[in-house]
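model02.cif follows; it contains mmCIF, C-alpha atoms.
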```
data_data
#
loop_
_atom_site.group_PDB
_atom_site.id
_atom_site.type_symbol
_atom_site.label_atom_id
_atom_site.label_comp_id
_atom_site.auth_asym_id
_atom_site.auth_seq_id
_atom_site.Cartn_x
_atom_site.Cartn_y
_atom_site.Cartn_z
ATOM 1 C CA MET A 245 110.360 94.378 86.026
ATOM 2 C CA ARG A 246 107.353 95.772 87.840
ATOM 3 C CA ARG A 247 107.864 95.953 91.539
ATOM 4 C CA LYS A 248 105.228 95.840 94.240
ATOM 5 C CA SER A 249 104.552 99.293 95.660
ATOM 6 C CA LEU A 250 104.993 99.613 99.392
ATOM 7 C CA VAL A 251 103.513 103.108 99.536
ATOM 8 C CA ASN A 252 100.687 101.891 101.769
ATOM 9 C CA ASP A 253 102.747 99.488 103.833
ATOM 10 C CA THR A 254 102.584 100.232 107.563
ATOM 11 C CA CYS A 255 106.308 99.605 107.983
ATOM 12 C CA PRO A 256 108.370 102.819 107.813
ATOM 13 C CA ILE A 257 111.312 100.871 106.398
ATOM 14 C CA ALA A 258 109.185 99.703 103.484
ATOM 15 C CA ARG A 259 107.890 103.208 102.813
ATOM 16 C CA THR A 260 111.391 104.636 102.859
ATOM 17 C CA LEU A 261 112.597 101.991 100.423
ATOM 18 C CA ASP A 262 109.620 102.805 98.223
ATOM 19 C CA VAL A 263 110.908 106.372 97.976
ATOM 20 C CA ILE A 264 114.666 105.981 97.962
ATOM 21 C CA GLY A 265 115.166 102.228 97.715
ATOM 22 C CA ASP A 266 116.992 102.573 94.470
ATOM 23 C CA TRP A 267 120.685 102.121 94.176
ATOM 24 C CA TRP A 268 121.166 105.282 92.125
ATOM 25 C CA SER A 269 118.924 107.510 94.208
ATOM 26 C CA LEU A 270 120.994 107.081 97.353
ATOM 27 C CA LEU A 271 124.232 107.631 95.426
ATOM 28 C CA ILE A 272 122.767 110.834 93.958
ATOM 29 C CA VAL A 273 121.907 111.996 97.494
ATOM 30 C CA ARG A 274 125.444 111.098 98.621
ATOM 31 C CA GLU A 275 126.922 113.142 95.744
ATOM 32 C CA ALA A 276 124.729 116.107 96.649
ATOM 33 C CA MET A 277 125.896 115.907 100.266
ATOM 34 C CA MET A 278 129.453 116.151 98.990
ATOM 35 C CA GLY A 279 128.606 119.375 97.156
ATOM 36 C CA THR A 280 127.479 118.314 93.688
ATOM 37 C CA ARG A 281 124.642 120.435 92.254
ATOM 38 C CA ARG A 282 124.687 120.232 88.455
ATOM 39 C CA PHE A 283 123.304 117.511 86.220
ATOM 40 C CA SER A 284 126.586 117.180 84.309
ATOM 41 C CA GLU A 285 128.568 116.845 87.558
ATOM 42 C CA PHE A 286 126.289 114.129 88.912
ATOM 43 C CA GLN A 287 126.684 112.354 85.602
ATOM 44 C CA LYS A 288 130.462 112.616 85.615
ATOM 45 C CA HIS A 289 130.985 111.652 89.245
ATOM 46 C CA LEU A 290 128.570 108.726 89.198
ATOM 47 C CA GLY A 291 129.246 107.444 85.683
ATOM 48 C CA VAL A 292 125.511 107.087 85.190
ATOM 49 C CA ALA A 293 123.609 107.222 81.891
ATOM 50 C CA ARG A 294 121.816 110.530 81.199
ATOM 51 C CA ASN A 295 118.387 108.926 80.945
ATOM 52 C CA ILE A 296 118.738 107.098 84.249
ATOM 53 C CA LEU A 297 120.032 110.197 86.030
ATOM 54 C CA SER A 298 117.259 112.316 84.544
ATOM 55 C CA THR A 299 114.532 109.912 85.679
ATOM 56 C CA ARG A 300 115.983 109.550 89.157
ATOM 57 C CA LEU A 301 116.389 113.298 89.669
ATOM 58 C CA LYS A 302 112.801 113.926 88.537
ATOM 59 C CA THR A 303 111.535 111.352 91.019
ATOM 60 C CA LEU A 304 113.689 112.785 93.808
ATOM 61 C CA VAL A 305 112.339 116.277 93.101
ATOM 62 C CA ALA A 306 108.763 114.943 93.032
ATOM 63 C CA GLN A 307 109.386 113.227 96.384
ATOM 64 C CA GLY A 308 110.560 116.485 97.922
ATOM 65 C CA ILE A 309 114.127 115.278 98.436
ATOM 66 C CA PHE A 310 115.642 117.777 95.992
ATOM 67 C CA ASP A 311 114.667 121.317 95.019
ATOM 68 C CA VAL A 312 115.526 122.666 91.579
ATOM 69 C CA LYS A 313 117.001 126.156 91.665
ATOM 70 C CA THR A 314 118.098 128.385 88.826
ATOM 71 C CA ALA A 315 120.613 131.025 89.824
ATOM 72 C CA ASP A 316 120.010 134.523 88.399
ATOM 73 C CA GLY A 317 121.445 134.765 84.917
ATOM 74 C CA SER A 318 122.562 131.148 84.913
ATOM 75 C CA ALA A 319 121.659 128.744 82.142
ATOM 76 C CA TYR A 320 122.013 125.839 84.561
ATOM 77 C CA GLN A 321 119.700 124.312 87.093
ATOM 78 C CA ASP A 322 121.008 123.415 90.514
ATOM 79 C CA TYR A 323 119.733 120.357 92.327
ATOM 80 C CA VAL A 324 119.766 121.162 96.029
ATOM 81 C CA LEU A 325 118.802 118.840 98.882
ATOM 82 C CA THR A 326 115.744 119.882 100.871
ATOM 83 C CA PRO A 327 115.615 119.373 104.663
ATOM 84 C CA LYS A 328 113.834 116.079 103.920
ATOM 85 C CA GLY A 329 116.763 115.108 101.687
ATOM 86 C CA ARG A 330 119.393 116.195 104.184
ATOM 87 C CA ALA A 331 117.592 114.095 106.794
ATOM 88 C CA LEU A 332 118.869 111.033 104.917
ATOM 89 C CA PHE A 333 122.332 111.664 106.381
ATOM 90 C CA PRO A 334 121.994 108.976 109.109
ATOM 91 C CA VAL A 335 120.915 106.448 106.449
ATOM 92 C CA LEU A 336 124.090 107.146 104.477
ATOM 93 C CA VAL A 337 126.254 107.016 107.613
ATOM 94 C CA ALA A 338 124.727 103.662 108.587
ATOM 95 C CA LEU A 339 125.352 102.250 105.088
ATOM 96 C CA ARG A 340 128.877 103.656 105.165
ATOM 97 C CA GLN A 341 129.803 102.187 108.532
ATOM 98 C CA TRP A 342 128.534 98.754 107.554
ATOM 99 C CA GLY A 343 130.509 98.968 104.304
ATOM 100 C CA GLU A 344 133.681 100.049 106.086
ATOM 101 C CA GLU A 345 133.452 97.036 108.353
ATOM 102 C CA HIS A 346 132.328 94.391 105.896
ATOM 103 C CA SER A 347 133.268 95.317 102.352
ATOM 104 C CA PHE A 348 136.969 96.120 102.349
ATOM 105 C CA ARG A 349 140.019 93.927 102.550
ATOM 106 C CA ARG A 350 143.172 94.779 104.492
ATOM 107 C CA GLY A 351 145.376 97.166 102.575
ATOM 108 C CA GLU A 352 142.558 98.563 100.444
ATOM 109 C CA SER A 353 141.935 102.227 100.920
ATOM 110 C CA TYR A 354 138.531 103.765 101.158
ATOM 111 C CA ALA A 355 136.837 107.120 101.495
ATOM 112 C CA LYS A 356 136.243 107.714 105.196
ATOM 113 C CA LEU A 357 133.895 110.193 106.816
ATOM 114 C CA LEU A 358 135.721 112.384 109.321
ATOM 115 C CA ASP A 359 134.843 115.141 111.742
ATOM 116 C CA ARG A 360 135.727 118.283 109.773
ATOM 117 C CA GLN A 361 136.999 120.057 112.874
ATOM 118 C CA THR A 362 139.308 117.396 114.340
ATOM 119 C CA ARG A 363 139.837 115.173 111.255
ATOM 120 C CA ARG A 364 139.056 112.187 113.485
ATOM 121 C CA PRO A 365 136.632 109.349 112.650
ATOM 122 C CA LEU A 366 133.079 109.558 113.945
ATOM 123 C CA GLN A 367 131.541 107.421 116.654
ATOM 124 C CA LYS A 368 129.990 104.185 115.512
ATOM 125 C CA LEU A 369 126.211 104.528 115.323
ATOM 126 C CA GLN A 370 124.522 103.019 118.341
ATOM 127 C CA ILE A 371 120.855 102.266 118.774
ATOM 128 C CA ARG A 372 119.827 103.625 122.145
ATOM 129 C CA ALA A 373 116.774 103.430 124.378
ATOM 130 C CA PHE A 374 115.284 106.674 125.650
ATOM 131 C CA ASP A 375 117.227 106.235 128.890
ATOM 132 C CA GLY A 376 120.491 105.777 126.979
ATOM 133 C CA ARG A 377 120.951 101.992 127.141
ATOM 134 C CA ILE A 378 122.524 100.595 123.964
ATOM 135 C CA LEU A 379 120.082 98.205 122.300
ATOM 136 C CA ASN A 380 120.522 95.292 119.933
ATOM 137 C CA GLN A 381 117.769 94.210 117.630
ATOM 138 C CA ALA A 382 116.769 91.524 120.150
ATOM 139 C CA ASP A 383 116.123 94.248 122.742
ATOM 140 C CA THR A 384 113.460 95.828 120.549
ATOM 141 C CA VAL A 385 109.911 95.047 119.512
ATOM 142 C CA VAL A 386 107.699 96.414 116.739
ATOM 143 C CA GLU A 387 104.175 97.589 117.608
ATOM 144 C CA PRO A 388 101.528 99.533 115.673
ATOM 145 C CA VAL A 389 101.077 103.169 116.705
ATOM 146 C CA ALA A 390 99.021 106.036 115.255
ATOM 147 C CA VAL A 391 100.741 109.150 113.909
ATOM 148 C CA SER A 392 99.784 112.097 116.106
ATOM 149 C CA MET R 263 118.850 96.370 83.019
ATOM 150 C CA ARG R 264 122.529 95.863 83.662
ATOM 151 C CA ARG R 265 123.756 98.017 86.455
ATOM 152 C CA LYS R 266 127.277 99.251 87.008
ATOM 153 C CA SER R 267 129.030 97.244 89.699
ATOM 154 C CA LEU R 268 130.404 99.285 92.565
ATOM 155 C CA VAL R 269 132.304 96.383 94.061
ATOM 156 C CA ASN R 270 135.615 98.191 93.539
ATOM 157 C CA ASP R 271 134.360 101.651 94.401
ATOM 158 C CA THR R 272 136.317 103.244 97.260
ATOM 159 C CA CYS R 273 133.152 104.605 98.849
ATOM 160 C CA PRO R 274 131.786 102.304 101.578
ATOM 161 C CA ILE R 275 128.249 103.476 100.828
ATOM 162 C CA ALA R 276 128.595 102.328 97.237
ATOM 163 C CA ARG R 277 129.987 98.950 98.280
ATOM 164 C CA THR R 278 127.171 98.419 100.748
ATOM 165 C CA LEU R 279 124.575 99.265 98.117
ATOM 166 C CA ASP R 280 126.292 96.831 95.784
ATOM 167 C CA VAL R 281 125.661 94.079 98.343
ATOM 168 C CA ILE R 282 122.296 94.976 99.820
ATOM 169 C CA GLY R 283 121.124 97.857 97.679
ATOM 170 C CA ASP R 284 118.097 95.978 96.533
ATOM 171 C CA TRP R 285 114.657 96.753 97.742
ATOM 172 C CA TRP R 286 113.834 93.128 98.495
ATOM 173 C CA SER R 287 117.115 92.261 100.161
ATOM 174 C CA LEU R 288 116.660 94.783 102.948
ATOM 175 C CA LEU R 289 113.043 93.743 103.480
ATOM 176 C CA ILE R 290 114.173 90.115 103.739
ATOM 177 C CA VAL R 291 116.729 91.161 106.372
ATOM 178 C CA ARG R 292 114.017 93.120 108.200
ATOM 179 C CA GLU R 293 111.740 90.033 108.195
ATOM 180 C CA ALA R 294 114.553 87.888 109.556
ATOM 181 C CA MET R 295 115.137 90.379 112.360
ATOM 182 C CA MET R 296 111.492 90.010 113.281
ATOM 183 C CA GLY R 297 111.914 86.266 113.602
ATOM 184 C CA THR R 298 111.150 84.842 110.153
ATOM 185 C CA ARG R 299 113.326 81.854 109.174
ATOM 186 C CA ARG R 300 111.495 79.759 106.586
ATOM 187 C CA PHE R 301 111.267 80.340 102.844
ATOM 188 C CA SER R 302 107.463 80.006 102.878
ATOM 189 C CA GLU R 303 107.150 82.534 105.729
ATOM 190 C CA PHE R 304 109.334 85.097 103.963
ATOM 191 C CA GLN R 305 107.179 84.595 100.895
ATOM 192 C CA LYS R 306 103.910 85.001 102.791
ATOM 193 C CA HIS R 307 104.961 88.027 104.852
ATOM 194 C CA LEU R 308 106.574 89.883 101.974
ATOM 195 C CA GLY R 309 104.176 88.896 99.193
ATOM 196 C CA VAL R 310 107.163 88.278 96.965
ATOM 197 C CA ALA R 311 107.346 85.901 93.997
ATOM 198 C CA ARG R 312 109.138 82.597 94.677
ATOM 199 C CA ASN R 313 111.758 83.140 91.993
ATOM 200 C CA ILE R 314 112.667 86.616 93.260
ATOM 201 C CA LEU R 315 112.845 85.448 96.869
ATOM 202 C CA SER R 316 114.935 82.436 95.882
ATOM 203 C CA THR R 317 117.447 84.575 93.950
ATOM 204 C CA ARG R 318 117.718 87.158 96.712
ATOM 205 C CA LEU R 319 118.196 84.577 99.457
ATOM 206 C CA LYS R 320 120.922 82.822 97.444
ATOM 207 C CA THR R 321 122.731 86.127 96.982
ATOM 208 C CA LEU R 322 122.363 87.020 100.653
ATOM 209 C CA VAL R 323 123.789 83.620 101.645
ATOM 210 C CA ALA R 324 126.669 84.045 99.164
ATOM 211 C CA GLN R 325 127.372 87.483 100.653
ATOM 212 C CA GLY R 326 127.568 86.016 104.155
ATOM 213 C CA ILE R 327 124.502 87.854 105.399
ATOM 214 C CA PHE R 328 122.459 84.687 105.970
ATOM 215 C CA ASP R 329 123.446 81.164 106.980
ATOM 216 C CA VAL R 330 121.331 78.211 105.901
ATOM 217 C CA LYS R 331 120.652 75.747 108.701
ATOM 218 C CA THR R 332 118.758 72.469 108.665
ATOM 219 C CA ALA R 333 117.465 71.408 112.053
ATOM 220 C CA ASP R 334 117.884 67.714 112.922
ATOM 221 C CA GLY R 335 115.092 65.680 111.429
ATOM 222 C CA SER R 336 113.533 68.704 109.758
ATOM 223 C CA ALA R 337 112.672 68.796 106.085
ATOM 224 C CA TYR R 338 112.989 72.588 106.106
ATOM 225 C CA GLN R 339 115.905 74.924 105.833
ATOM 226 C CA ASP R 340 116.164 77.884 108.148
ATOM 227 C CA TYR R 341 117.626 81.161 106.940
ATOM 228 C CA VAL R 342 119.425 82.724 109.891
ATOM 229 C CA LEU R 343 121.201 86.089 109.942
ATOM 230 C CA THR R 344 124.955 85.947 110.489
ATOM 231 C CA PRO R 345 126.712 88.580 112.645
ATOM 232 C CA LYS R 346 127.392 90.459 109.369
ATOM 233 C CA GLY R 347 123.661 90.367 108.652
ATOM 234 C CA ARG R 348 122.683 91.418 112.157
ATOM 235 C CA ALA R 349 125.106 94.333 111.814
ATOM 236 C CA LEU R 350 122.623 95.830 109.324
ATOM 237 C CA PHE R 351 120.373 96.766 112.258
ATOM 238 C CA PRO R 352 121.468 100.448 112.295
ATOM 239 C CA VAL R 353 120.791 100.689 108.544
ATOM 240 C CA LEU R 354 117.230 99.485 109.102
ATOM 241 C CA VAL R 355 116.748 101.795 112.086
ATOM 242 C CA ALA R 356 117.969 104.775 110.041
ATOM 243 C CA LEU R 357 115.603 103.917 107.166
ATOM 244 C CA ARG R 358 112.786 103.408 109.663
ATOM 245 C CA GLN R 359 113.270 106.729 111.439
ATOM 246 C CA TRP R 360 113.372 108.648 108.169
ATOM 247 C CA GLY R 361 110.204 106.876 107.048
ATOM 248 C CA GLU R 362 108.415 107.601 110.317
ATOM 249 C CA GLU R 363 109.149 111.282 109.923
ATOM 250 C CA HIS R 364 108.579 111.727 106.202
ATOM 251 C CA SER R 365 106.294 109.034 104.838
ATOM 252 C CA PHE R 366 103.184 109.015 107.003
ATOM 253 C CA ARG R 367 100.237 111.355 107.229
ATOM 254 C CA ARG R 368 98.513 112.356 110.473
ATOM 255 C CA GLY R 369 96.090 109.688 111.612
ATOM 256 C CA GLU R 370 97.828 106.875 109.758
ATOM 257 C CA SER R 371 99.172 104.150 111.944
ATOM 258 C CA TYR R 372 102.507 102.518 111.469
ATOM 259 C CA ALA R 373 104.698 99.800 112.917
ATOM 260 C CA LYS R 374 106.997 101.439 115.449
ATOM 261 C CA LEU R 375 110.207 100.084 116.924
ATOM 262 C CA LEU R 376 110.097 100.137 120.724
ATOM 263 C CA ASP R 377 112.419 99.268 123.556
ATOM 264 C CA ARG R 378 111.252 95.777 124.544
ATOM 265 C CA GLN R 379 111.857 96.443 128.227
ATOM 266 C CA THR R 380 110.053 99.778 128.660
ATOM 267 C CA ARG R 381 107.830 99.786 125.526
ATOM 268 C CA ARG R 382 109.042 103.331 124.872
ATOM 269 C CA PRO R 383 110.325 104.652 121.518
ATOM 270 C CA LEU R 384 114.068 104.685 120.901
ATOM 271 C CA GLN R 385 116.300 107.736 120.714
ATOM 272 C CA LYS R 386 116.616 109.327 117.315
ATOM 273 C CA LEU R 387 119.903 108.340 115.684
ATOM 274 C CA GLN R 388 122.511 111.051 116.019
ATOM 275 C CA ILE R 389 125.779 111.305 114.184
ATOM 276 C CA ARG R 390 128.452 112.063 116.773
ATOM 277 C CA ALA R 391 132.093 113.048 116.736
ATOM 278 C CA PHE R 392 134.506 111.023 118.831
ATOM 279 C CA ASP R 393 134.197 113.612 121.593
ATOM 280 C CA GLY R 394 130.414 113.359 121.555
ATOM 281 C CA ARG R 395 129.481 116.496 119.605
ATOM 282 C CA ILE R 396 126.408 115.981 117.396
ATOM 283 C CA LEU R 397 127.396 116.451 113.746
ATOM 284 C CA ASN R 398 125.462 117.421 110.660
ATOM 285 C CA GLN R 399 126.642 116.455 107.225
ATOM 286 C CA ALA R 400 128.234 119.904 106.843
ATOM 287 C CA ASP R 401 130.417 119.197 109.880
ATOM 288 C CA THR R 402 131.999 116.221 108.158
ATOM 289 C CA VAL R 403 134.502 115.638 105.401
ATOM 290 C CA VAL R 404 135.412 112.540 103.364
ATOM 291 C CA GLU R 405 139.067 111.567 103.030
ATOM 292 C CA PRO R 406 140.808 108.457 101.700
ATOM 293 C CA VAL R 407 142.281 106.147 104.341
ATOM 294 C CA ALA R 408 143.887 102.690 104.162
ATOM 295 C CA VAL R 409 142.261 99.720 105.904
ATOM 296 C CA SER R 410 144.585 98.537 108.690
#
```
Would you write the structure of this file as structure tokens?
Amino acid sequence: MRRKSLVNDTCPIARTLDVIGDWWSLLIVREAMMGTRRFSEFQKHLGVARNILSTRLKTLVAQGIFDVKTADGSAYQDYVLTPKGRALFPVLVALRQWGEEHSFRRGESYAKLLDRQTRRPLQKLQIRAFDGRILNQADTVVEPVAVS
Amino acid sequence: MRRKSLVNDTCPIARTLDVIGDWWSLLIVREAMMGTRRFSEFQKHLGVARNILSTRLKTLVAQGIFDVKTADGSAYQDYVLTPKGRALFPVLVALRQWGEEHSFRRGESYAKLLDRQTRRPLQKLQIRAFDGRILNQADTVVEPVAVS
């Protein structure tokens, strides 16, 4: 199925989804954040078909989300997140927190993100105004601005 | 293409993507947050085919993200976000902020989310430990926990 491209959409959400709005792409980024670097490891951890993984990784490299590195003397390529890729961390945390709250039943266990130092859960993401007030969606408005 | 279901995955990111990990679904939620309620308005604003929109809205209602309401005497149905749907706001803000930073060239204009009261931009989302420290992905660890 051909999808409409949002590459020229003026909404930053639409542009982001155009780049990473694919189920597998975000899971590949998640895997990389947990330390995975090799094609075969991504494949094993995600249970994804080789051809799908290959296509997604190529796109993610082309988008500047991953770099491909070959260690000296190694026959393997490493897929390493770029700063642009690592900047997706808040997206994954937001998805995670929503999932924790809405997609698990009592008694189920799930993989929780903890502060490495204290082993305690993180704060819930809050949307804040410049002066620190916590905002709901109704407290916000969308207006066109030019990139400076 | 049949995709693998992640409905039983223990990762909350995977479960969230299983529910809303579709390019159109998140754009439909975004539209609703901006005030859209009617099928024909979603269709017009998103430029999406009727059959795709119809399928996505049905799924989003089944997932408890939208309620369908019929106003007294109206021939139209309104699609209204539930609290579970409105709780996707931080996901959209995270996608938006990444897009603002990485998907626009100088001189392009884009639709920016502002504080309705002051018309100023919002704070950039920060991932924080319980004690307020700002965390990067490397400062975190994922561990299994049981839902209480």
With 12 Å as the cut-off and all atoms listed in the file counted, what is the closest atom pair between each nearby residue of stretch 312-357 of chain A and stretch 327-339 of chain R? Distances in Å to one decimal, ordered by chain and number, as CSV.
```
residue,atom,partner,partner_atom,distance
A:Trp342,CA,R:Ile327,CA,11.8
A:His346,CA,R:Ile327,CA,10.2
A:Ser347,CA,R:Ile327,CA,11.9
```
Residue IDs satisfying the PyMOL selection byres ((chain A) within 6 of (chain R)), as a ChimeraX atom specification:
/A:254-257,260,265,267,334-335,338-340,343-344,350-360,366-367,372-374,383-392
Please return the centre and edge lengths, in Å to one decimal, of a box with edges along x, y and z that contains all listed atoms of stretch 313-323 of chain A, widened by 8 Å on every side, as lines of an AutoDock Vina configuration file.
```
center_x = 119.8
center_y = 127.6
center_z = 87.2
size_x = 21.6
size_y = 30.4
size_z = 26.2
```
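Atom pair atom CA of R:Ala294 / atom CA of R:Leu343: separated by 6.9 Å.
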Taking the file as shown, what set of residues would the PyMOL selection byres ((chain R and resi 305) around 12) give back, as a VMD selection string?
chain R and resid 286 289 to 290 293 to 294 298 to 304 306 to 316 318 to 319
